[in-house]
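Just target34.txt here, compact mmCIF, C-alpha atoms:
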```txt
# COMPACT_ATOMS: atom_id res chain seq x y z
CA MET M 1 2.62 8.23 -5.92
CA ALA M 2 4.24 11.61 -6.45
CA VAL M 3 6.35 13.47 -9.01
CA PHE M 4 10.04 13.33 -8.13
CA THR M 5 11.29 12.74 -11.69
CA SER M 6 10.14 15.24 -14.30
CA ILE M 7 9.92 14.22 -17.95
CA SER M 8 9.14 16.11 -21.13
CA PHE M 9 6.64 15.22 -23.84
CA ASP M 10 9.47 14.38 -26.24
CA GLU M 11 11.31 12.22 -23.69
CA LEU M 12 8.17 10.24 -22.97
CA SER M 13 7.29 9.90 -26.66
CA ILE M 14 10.69 8.39 -27.39
CA TRP M 15 10.45 6.00 -24.40
CA LEU M 16 6.98 4.82 -25.49
CA LYS M 17 8.24 3.77 -28.93
CA GLN M 18 9.45 0.53 -27.34
CA PHE M 19 5.78 -0.49 -26.90
CA ASN M 20 3.18 -1.49 -29.45
CA LEU M 21 1.02 1.51 -28.64
CA GLY M 22 -0.31 4.54 -30.46
CA ASN M 23 1.22 7.99 -30.40
CA LEU M 24 1.39 9.95 -27.15
CA ILE M 25 -1.51 12.40 -26.84
CA ASP M 26 -1.08 13.75 -23.32
CA PHE M 27 0.33 12.96 -19.87
CA GLN M 28 0.07 14.39 -16.38
CA GLY M 29 1.72 13.76 -13.03
CA ILE M 30 -0.17 12.10 -10.20
CA SER M 31 0.53 13.88 -6.92
CA SER M 32 -0.38 11.58 -4.05
CA GLY M 33 1.82 9.40 -1.89
CA VAL M 34 5.52 9.80 -1.22
CA THR M 35 7.36 6.82 -2.72
CA ASN M 36 7.50 6.74 -6.53
CA THR M 37 6.80 9.03 -9.49
CA ASN M 38 3.55 8.32 -11.34
CA TYR M 39 2.05 9.68 -14.54
CA LEU M 40 -1.27 9.17 -16.28
CA ILE M 41 -0.41 8.47 -19.92
CA VAL M 42 -2.90 9.04 -22.76
CA VAL M 43 -2.15 7.49 -26.14
CA GLU M 44 -4.41 6.91 -29.12
CA ASP M 45 -7.45 4.95 -27.87
CA ALA M 46 -5.98 4.00 -24.48
CA ARG M 47 -4.71 5.19 -21.10
CA PHE M 48 -1.96 3.76 -18.91
CA ILE M 49 -0.14 4.48 -15.66
CA LEU M 50 3.60 5.01 -15.78
CA THR M 51 5.58 4.42 -12.58
CA ILE M 52 9.19 5.54 -12.23
CA PHE M 53 10.79 3.82 -9.25
CA GLU M 54 12.85 6.24 -7.21
CA ASP M 55 14.57 3.92 -4.73
CA THR M 56 13.90 0.36 -5.94
CA GLN M 57 16.29 -1.53 -8.20
CA PHE M 58 15.40 -3.84 -11.11
CA ASP M 59 16.02 -7.07 -9.19
CA ASP M 60 13.75 -6.01 -6.32
CA LEU M 61 10.79 -5.27 -8.61
CA SER M 62 10.27 -8.69 -10.17
CA PHE M 63 8.15 -9.91 -7.24
CA TYR M 64 5.64 -7.07 -7.58
CA ILE M 65 5.45 -7.30 -11.35
CA ASP M 66 4.99 -11.07 -11.28
CA LEU M 67 2.34 -10.72 -8.57
CA MET M 68 0.35 -8.14 -10.53
CA SER M 69 0.52 -10.30 -13.67
CA PHE M 70 -0.57 -13.38 -11.73
CA LEU M 71 -3.48 -11.61 -10.02
CA SER M 72 -4.67 -9.98 -13.24
CA LYS M 73 -4.72 -13.35 -14.98
CA ASN M 74 -6.70 -14.78 -12.04
CA HIS M 75 -9.44 -12.15 -12.23
CA ILE M 76 -8.26 -9.87 -9.44
CA LEU M 77 -8.88 -6.28 -10.51
CA CYS M 78 -5.37 -4.87 -10.26
CA PRO M 79 -3.08 -3.19 -12.80
CA GLN M 80 -1.67 -5.41 -15.54
CA PRO M 81 2.02 -4.76 -16.37
CA ILE M 82 2.60 -4.07 -20.08
CA LEU M 83 5.32 -5.88 -22.03
CA ASN M 84 7.45 -3.91 -24.47
CA LYS M 85 8.59 -5.09 -27.89
CA ASN M 86 11.54 -6.89 -26.27
CA GLU M 87 9.17 -8.88 -24.03
CA LYS M 88 10.37 -6.93 -20.98
CA TYR M 89 8.27 -5.14 -18.39
CA LEU M 90 10.96 -2.82 -17.05
CA SER M 91 13.24 -0.38 -18.83
CA LEU M 92 15.18 2.73 -17.89
CA LEU M 93 13.63 6.19 -18.05
CA LYS M 94 15.81 9.06 -16.84
CA ASN M 95 18.21 6.34 -15.59
CA LYS M 96 15.59 4.83 -13.29
CA PRO M 97 13.48 1.64 -13.61
CA ALA M 98 10.11 2.42 -15.20
CA LEU M 99 6.98 0.33 -15.61
CA LEU M 100 3.84 0.84 -17.68
CA VAL M 101 0.62 -0.74 -16.37
CA SER M 102 -2.99 -0.82 -17.49
CA PHE M 103 -5.36 1.96 -16.44
CA LEU M 104 -8.27 0.85 -14.25
CA ASN M 105 -11.60 2.63 -14.48
CA GLY M 106 -13.06 4.07 -11.30
CA SER M 107 -12.18 6.52 -8.58
CA GLU M 108 -11.54 6.49 -4.85
CA LYS M 109 -14.39 7.01 -2.41
CA GLU M 110 -14.63 10.34 -0.65
CA ASP M 111 -17.49 9.28 1.62
CA VAL M 112 -17.19 5.67 2.73
CA SER M 113 -20.43 3.81 3.43
CA PRO M 114 -20.90 0.51 5.27
CA ASP M 115 -21.69 -1.12 1.91
CA ASN M 116 -18.33 0.11 0.60
CA CYS M 117 -16.63 -1.47 3.63
CA PHE M 118 -18.37 -4.78 2.91
CA GLY M 119 -17.17 -4.64 -0.70
CA VAL M 120 -13.57 -3.88 0.25
CA GLY M 121 -13.55 -6.61 2.90
CA LYS M 122 -14.80 -9.11 0.34
CA ALA M 123 -12.27 -7.91 -2.25
CA LEU M 124 -9.43 -8.29 0.25
CA ALA M 125 -10.48 -11.85 1.10
CA ASN M 126 -10.58 -12.65 -2.63
CA PHE M 127 -7.07 -11.19 -2.97
CA HIS M 128 -5.80 -13.38 -0.12
CA LEU M 129 -7.41 -16.52 -1.50
CA LYS M 130 -6.31 -16.05 -5.11
CA ALA M 131 -2.76 -15.14 -4.05
CA GLU M 132 -2.42 -18.45 -2.17
CA LYS M 133 -1.41 -20.04 -5.47
CA PHE M 134 1.23 -17.42 -6.24
CA PRO M 135 4.53 -19.36 -6.09
CA GLN M 136 6.75 -16.59 -4.70
CA ASN M 137 7.23 -15.13 -1.23
CA ARG M 138 8.69 -11.86 -0.06
CA LYS M 139 9.63 -10.85 3.47
CA ASN M 140 7.82 -7.84 4.92
CA THR M 141 10.55 -5.19 4.89
CA ARG M 142 8.45 -2.86 7.08
CA ASN M 143 8.49 -5.26 10.03
CA LEU M 144 9.44 -4.70 13.68
CA SER M 145 13.12 -4.76 12.79
CA TRP M 146 12.53 -1.92 10.32
CA ILE M 147 10.52 -0.02 12.94
CA LYS M 148 13.37 -0.35 15.44
CA THR M 149 16.02 0.81 12.95
CA THR M 150 13.85 3.70 11.76
CA HIS M 151 13.25 4.85 15.32
CA GLU M 152 16.96 4.67 16.12
CA ASN M 153 17.67 6.92 13.14
CA LEU M 154 14.96 9.42 14.10
CA SER M 155 15.07 9.40 17.90
CA ASN M 156 17.18 12.54 18.22
CA LEU M 157 14.61 14.43 16.12
CA LEU M 158 11.60 13.33 18.18
CA SER M 159 10.16 14.60 21.43
CA GLU M 160 10.76 12.75 24.67
CA ASP M 161 7.05 11.87 24.73
CA ASP M 162 7.15 10.37 21.22
CA ASN M 163 10.26 8.34 22.01
CA LYS M 164 8.63 6.90 25.13
CA ILE M 165 5.47 5.94 23.24
CA ILE M 166 7.52 4.25 20.52
CA GLU M 167 9.72 2.34 22.96
CA LYS M 168 6.74 1.15 24.99
CA GLU M 169 4.82 0.04 21.91
CA PHE M 170 7.83 -1.76 20.49
CA THR M 171 8.15 -3.78 23.70
CA PHE M 172 4.44 -4.59 23.60
CA GLN M 173 4.63 -5.80 19.99
CA GLU M 174 7.73 -7.91 20.65
CA ASP M 175 5.90 -9.61 23.51
CA ASN M 176 2.73 -10.24 21.50
CA VAL M 177 3.99 -11.52 18.14
CA ASP M 178 2.07 -14.65 17.13
CA ASP M 179 3.84 -16.61 14.43
CA ASP M 180 1.08 -19.23 14.27
CA LEU M 181 -1.56 -16.97 12.69
CA ALA M 182 -2.67 -17.66 9.10
CA GLN M 183 -0.51 -15.89 6.56
CA GLY M 184 0.16 -15.51 2.86
CA ILE M 185 0.55 -12.71 0.33
CA ILE M 186 -0.94 -9.46 1.63
CA HIS M 187 -1.46 -6.07 0.00
CA ALA M 188 -0.06 -4.23 3.07
CA ASP M 189 -1.25 -0.78 1.97
CA LEU M 190 -4.98 -1.05 1.29
CA PHE M 191 -5.92 2.52 2.17
CA ILE M 192 -8.92 4.34 0.75
CA ASP M 193 -6.81 5.90 -2.01
CA ASN M 194 -5.62 2.47 -3.17
CA VAL M 195 -9.10 1.12 -3.98
CA LEU M 196 -11.11 2.24 -6.99
CA PHE M 197 -14.89 2.14 -7.22
CA ASP M 198 -17.16 2.19 -10.25
CA GLY M 199 -20.32 3.45 -8.58
CA ASP M 200 -20.54 1.35 -5.43
CA LYS M 201 -18.68 -1.63 -6.87
CA VAL M 202 -14.96 -2.21 -6.27
CA SER M 203 -13.29 -1.84 -9.67
CA GLY M 204 -9.63 -2.05 -8.76
CA MET M 205 -6.92 -2.42 -6.12
CA ILE M 206 -3.79 -0.45 -6.92
CA ASP M 207 -0.29 0.31 -5.59
CA LEU M 208 0.93 -3.20 -4.75
CA TYR M 209 4.52 -2.10 -4.09
CA TYR M 210 4.38 -2.98 -0.39
CA ALA M 211 2.87 -6.43 -1.01
CA CYS M 212 4.66 -9.16 0.91
CA THR M 213 4.20 -12.38 2.86
CA ASP M 214 2.70 -11.72 6.27
CA LYS M 215 -0.33 -12.38 8.44
CA TYR M 216 -3.77 -11.88 6.92
CA ILE M 217 -5.09 -10.24 10.08
CA TYR M 218 -2.35 -7.60 9.75
CA ASP M 219 -3.56 -6.76 6.25
CA ILE M 220 -7.11 -6.48 7.57
CA ALA M 221 -5.95 -4.25 10.43
CA ILE M 222 -4.17 -1.89 8.00
CA ALA M 223 -7.37 -1.51 6.01
CA LEU M 224 -9.62 -1.12 9.07
CA ASN M 225 -7.48 1.74 10.40
CA ASP M 226 -8.34 3.76 7.29
CA TRP M 227 -11.71 2.49 6.07
CA CYS M 228 -13.51 2.09 9.40
CA ILE M 229 -12.70 5.15 11.53
CA ASP M 230 -14.50 8.34 12.48
CA ASP M 231 -13.16 11.89 12.29
CA MET M 232 -11.41 11.46 15.65
CA GLY M 233 -9.60 8.28 14.60
CA GLU M 234 -11.80 5.99 16.69
CA ILE M 235 -12.94 2.69 15.24
CA ASP M 236 -16.41 2.85 13.73
CA ILE M 237 -17.69 -0.46 15.11
CA GLY M 238 -20.55 -0.69 12.61
CA LYS M 239 -18.27 -0.25 9.62
CA MET M 240 -15.70 -2.63 11.10
CA LYS M 241 -18.25 -5.39 11.58
CA THR M 242 -19.53 -4.84 8.03
CA PHE M 243 -15.99 -4.96 6.62
CA ILE M 244 -15.30 -8.23 8.45
CA LYS M 245 -18.67 -9.62 7.34
CA GLY M 246 -17.61 -8.94 3.75
CA TYR M 247 -14.27 -10.63 4.36
CA ASP M 248 -15.92 -13.60 6.11
CA SER M 249 -18.21 -14.10 3.11
CA LEU M 250 -15.22 -15.55 1.23
CA ARG M 251 -12.66 -16.43 3.90
CA LYS M 252 -13.90 -16.98 7.44
CA LEU M 253 -11.58 -15.50 10.04
CA GLU M 254 -10.23 -18.04 12.49
CA GLY M 255 -10.77 -17.59 16.24
CA ASP M 256 -7.15 -16.77 16.99
CA GLU M 257 -7.17 -14.14 14.25
CA VAL M 258 -10.19 -12.41 15.77
CA GLU M 259 -8.53 -12.54 19.19
CA ALA M 260 -5.32 -11.02 17.78
CA LEU M 261 -7.03 -8.18 15.92
CA PRO M 262 -6.55 -5.50 18.64
CA THR M 263 -2.80 -6.17 18.69
CA TYR M 264 -2.53 -5.92 14.91
CA LEU M 265 -4.60 -2.74 14.79
CA ARG M 266 -1.90 -1.30 17.06
CA LEU M 267 0.91 -2.70 14.92
CA ALA M 268 -0.64 -1.28 11.74
CA ALA M 269 -0.92 2.19 13.29
CA PHE M 270 2.60 1.88 14.71
CA ARG M 271 4.14 0.95 11.36
CA PHE M 272 2.50 3.84 9.49
CA TRP M 273 3.30 6.35 12.22
CA LEU M 274 7.01 5.47 11.87
CA SER M 275 6.76 5.53 8.10
CA ARG M 276 5.24 9.00 8.10
CA LEU M 277 7.74 10.22 10.68
CA TYR M 278 10.54 9.05 8.39
CA ASP M 279 9.01 10.79 5.36
CA PHE M 280 8.37 13.97 7.36
CA HIS M 281 12.01 14.21 8.43
CA ASN M 282 13.43 13.12 5.05
CA ILE M 283 11.54 15.21 2.52
CA ARG M 284 12.74 14.62 -1.03
CA GLN M 285 12.81 17.20 -3.80
CA GLY M 286 10.17 17.03 -6.52
CA GLU M 287 6.97 18.47 -7.91
CA ASN M 288 3.52 18.23 -6.28
CA ILE M 289 4.86 16.37 -3.25
CA THR M 290 2.30 15.35 -0.64
CA ILE M 291 3.67 15.02 2.92
CA LYS M 292 1.23 13.23 5.18
CA ASP M 293 0.95 14.27 8.83
CA PRO M 294 2.57 11.70 11.18
CA LYS M 295 0.30 12.85 14.03
CA HIS M 296 -2.64 11.14 12.32
CA PHE M 297 -1.25 7.68 13.03
CA LYS M 298 0.20 8.62 16.38
CA ASN M 299 -3.37 9.51 17.38
CA ILE M 300 -4.72 6.24 15.96
CA LEU M 301 -2.05 4.22 17.78
CA ILE M 302 -2.91 5.82 21.12
CA LYS M 303 -6.60 5.11 20.56
CA ARG M 304 -5.93 1.49 19.51
CA GLN M 305 -3.96 0.91 22.71
CA SER M 306 -7.27 1.01 24.57
CA PHE M 307 -9.25 -0.98 21.96
CA LYS M 308 -9.95 -4.43 23.35
CA ALA M 309 -12.20 -6.43 21.02
CA LEU M 310 -14.94 -6.37 18.42
```
Written as structure tokens, that's how I'd like the structure from this file.
Amino acid sequence: MAVFTSISFDELSIWLKQFNLGNLIDFQGISSGVTNTNYLIVVEDARFILTIFEDTQFDDLSFYIDLMSFLSKNHILCPQPILNKNEKYLSLLKNKPALLVSFLNGSEKEDVSPDNCFGVGKALANFHLKAEKFPQNRKNTRNLSWIKTTHENLSNLLSEDDNKIIEKEFTFQEDNVDDDLAQGIIHADLFIDNVLFDGDKVSGMIDLYYACTDKYIYDIAIALNDWCIDDMGEIDIGKMKTFIKGYDSLRKLEGDEVEALPTYLRLAAFRFWLSRLYDFHNIRQGENITIKDPKHFKNILIKRQSFKAL
């Protein structure tokens, strides 16, 4: 979420006429993340989130929109896409695909407690279980193949030390892939800033634009690497156990999943280190752009390489 595409009040007012909504009152850009442009939209008696997709084409967005609609209808607290008067979810705004979704009440947690970890773990298990009935699948485009290609494109910009770490970790992950682990639709980006709380209760899970079909334990590992760490990037064992207890309350982890967790904690850190390295070396023009430090996940990867078990 960032502001790469600027719009005026008049431009937005005209675009909104295709919906059965009130008049535009106000709007403001949301400056977090690095992928798409997002605005908070205020109309008469309601608020919405507008997303303008910077790099994704119409045909590639149907999976995410259908998934959000399905989950919303099945009582998962995620944004509901809004149909326009032509019964379409997507339309062009500044020559880019744009989507309006419902606004979810709540805010992200600044100080994460063990109880919050339990709630997020339980919410993630509910997401996995409800999404089992979603009839579509989508390959994880940020897989090991993507990591390899991204590294090849960046290697001449990286230090010798970074290149060695990446090459060694890639070999480790290739040798430890387990295709027999339970899988289904995963969120794939369940960081602290993608979960909303109303008080201490989870009120929403947002930003589903990396959702895909992959291993459940990988989704858990992605979340653990953000929700259950200390200031040094080490795993907070107490929070991790509480998160998993919350998850287990709805979907009990299988033994092979628990055994594979250290590997997938490494993979999750590895994937986001490469993602942030790519963004760092390919900064796009826009307003209020947030560039996240790649060293954060390099540090987490190095620490996870010595993490053995719960």
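Interatomic distance, atom CA of Gln28 of chain M against atom CA of Phe280 of chain M: 25.2 Å.
Atom to atom, atom CA of Leu100 of chain M and atom CA of Leu50 of chain M stand 4.6 Å apart.
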Which one is closest to His281 of chain M: M:Arg47, M:Lys308, M:His151, M:Lys201? Count only C-alpha atoms.
M:His151
Pull the closest atom pair for each residue of segment 210-292 of chain M that gets at most 8 Å from segment 160-180 of chain M, along with the distance in Å to one decimal, counting all atoms listed in the file, ordering rows by chain and then ascending residue number, as a Markdown table.
```
| residue | atom | partner | partner_atom | distance |
| --- | --- | --- | --- | --- |
| M:Thr263 | CA | M:Asn176 | CA | 7.4 |
| M:Leu267 | CA | M:Gln173 | CA | 7.0 |
| M:Phe270 | CA | M:Glu169 | CA | 7.8 |
```
Of the candidates M:Phe103, M:Tyr278, M:Phe272, M:Phe19, which shows the shortest atom-to-atom distance to Ile300 of chain M, using all atoms listed in the file?
M:Phe272
Neighbours of segment 52-64 of chain M within 10 Å (all atoms listed in the file; same-chain residues fewer than 5 positions away dropped), as a PyMOL selection string?
chain M and resi 1-6+35-39+69-70+81+89-100+136-138+207-212
Dump C-alpha atoms for the selected residues as a PDB file, in the frame of the given file?
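Saved as again32.pdb:
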```pdb
ATOM      1  CA  MET M   1       2.620   8.230  -5.920  1.00  0.00           C
ATOM      2  CA  ALA M   2       4.240  11.610  -6.450  1.00  0.00           C
ATOM      3  CA  VAL M   3       6.350  13.470  -9.010  1.00  0.00           C
ATOM      4  CA  PHE M   4      10.040  13.330  -8.130  1.00  0.00           C
ATOM      5  CA  THR M   5      11.290  12.740 -11.690  1.00  0.00           C
ATOM      6  CA  SER M   6      10.140  15.240 -14.300  1.00  0.00           C
ATOM      7  CA  THR M  35       7.360   6.820  -2.720  1.00  0.00           C
ATOM      8  CA  ASN M  36       7.500   6.740  -6.530  1.00  0.00           C
ATOM      9  CA  THR M  37       6.800   9.030  -9.490  1.00  0.00           C
ATOM     10  CA  ASN M  38       3.550   8.320 -11.340  1.00  0.00           C
ATOM     11  CA  TYR M  39       2.050   9.680 -14.540  1.00  0.00           C
ATOM     12  CA  SER M  69       0.520 -10.300 -13.670  1.00  0.00           C
ATOM     13  CA  PHE M  70      -0.570 -13.380 -11.730  1.00  0.00           C
ATOM     14  CA  PRO M  81       2.020  -4.760 -16.370  1.00  0.00           C
ATOM     15  CA  TYR M  89       8.270  -5.140 -18.390  1.00  0.00           C
ATOM     16  CA  LEU M  90      10.960  -2.820 -17.050  1.00  0.00           C
ATOM     17  CA  SER M  91      13.240  -0.380 -18.830  1.00  0.00           C
ATOM     18  CA  LEU M  92      15.180   2.730 -17.890  1.00  0.00           C
ATOM     19  CA  LEU M  93      13.630   6.190 -18.050  1.00  0.00           C
ATOM     20  CA  LYS M  94      15.810   9.060 -16.840  1.00  0.00           C
ATOM     21  CA  ASN M  95      18.210   6.340 -15.590  1.00  0.00           C
ATOM     22  CA  LYS M  96      15.590   4.830 -13.290  1.00  0.00           C
ATOM     23  CA  PRO M  97      13.480   1.640 -13.610  1.00  0.00           C
ATOM     24  CA  ALA M  98      10.110   2.420 -15.200  1.00  0.00           C
ATOM     25  CA  LEU M  99       6.980   0.330 -15.610  1.00  0.00           C
ATOM     26  CA  LEU M 100       3.840   0.840 -17.680  1.00  0.00           C
ATOM     27  CA  GLN M 136       6.750 -16.590  -4.700  1.00  0.00           C
ATOM     28  CA  ASN M 137       7.230 -15.130  -1.230  1.00  0.00           C
ATOM     29  CA  ARG M 138       8.690 -11.860  -0.060  1.00  0.00           C
ATOM     30  CA  ASP M 207      -0.290   0.310  -5.590  1.00  0.00           C
ATOM     31  CA  LEU M 208       0.930  -3.200  -4.750  1.00  0.00           C
ATOM     32  CA  TYR M 209       4.520  -2.100  -4.090  1.00  0.00           C
ATOM     33  CA  TYR M 210       4.380  -2.980  -0.390  1.00  0.00           C
ATOM     34  CA  ALA M 211       2.870  -6.430  -1.010  1.00  0.00           C
ATOM     35  CA  CYS M 212       4.660  -9.160   0.910  1.00  0.00           C
TER      36      CYS M 212
END
```
Residues near Val120 of chain M, cut-off 9 Å, only C-alpha atoms, skip fewer than 6 positions along chain, as a PyMOL selection string
chain M and resi 195+202+223+227+243+246-247
Once you have the residues from the selection above, write them out as an mmCIF file, in the coordinates of the input, restricted to C-alpha atoms.
```cif
data_model
loop_
_atom_site.group_PDB
_atom_site.id
_atom_site.type_symbol
_atom_site.label_atom_id
_atom_site.label_comp_id
_atom_site.auth_asym_id
_atom_site.auth_seq_id
_atom_site.Cartn_x
_atom_site.Cartn_y
_atom_site.Cartn_z
ATOM 1 C CA VAL M 195 -9.100 1.120 -3.980
ATOM 2 C CA VAL M 202 -14.960 -2.210 -6.270
ATOM 3 C CA ALA M 223 -7.370 -1.510 6.010
ATOM 4 C CA TRP M 227 -11.710 2.490 6.070
ATOM 5 C CA PHE M 243 -15.990 -4.960 6.620
ATOM 6 C CA GLY M 246 -17.610 -8.940 3.750
ATOM 7 C CA TYR M 247 -14.270 -10.630 4.360
#
```
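The coordinates place atom CA of Trp273 of chain M at 14.4 Å from atom CA of Asn153 of chain M.
You can rank M:Pro114, M:Pro294, M:Pro135, M:Gly121 by their closest distance to Asp248 of chain M using all atoms listed in the file, and at the top of that list sits M:Gly121.
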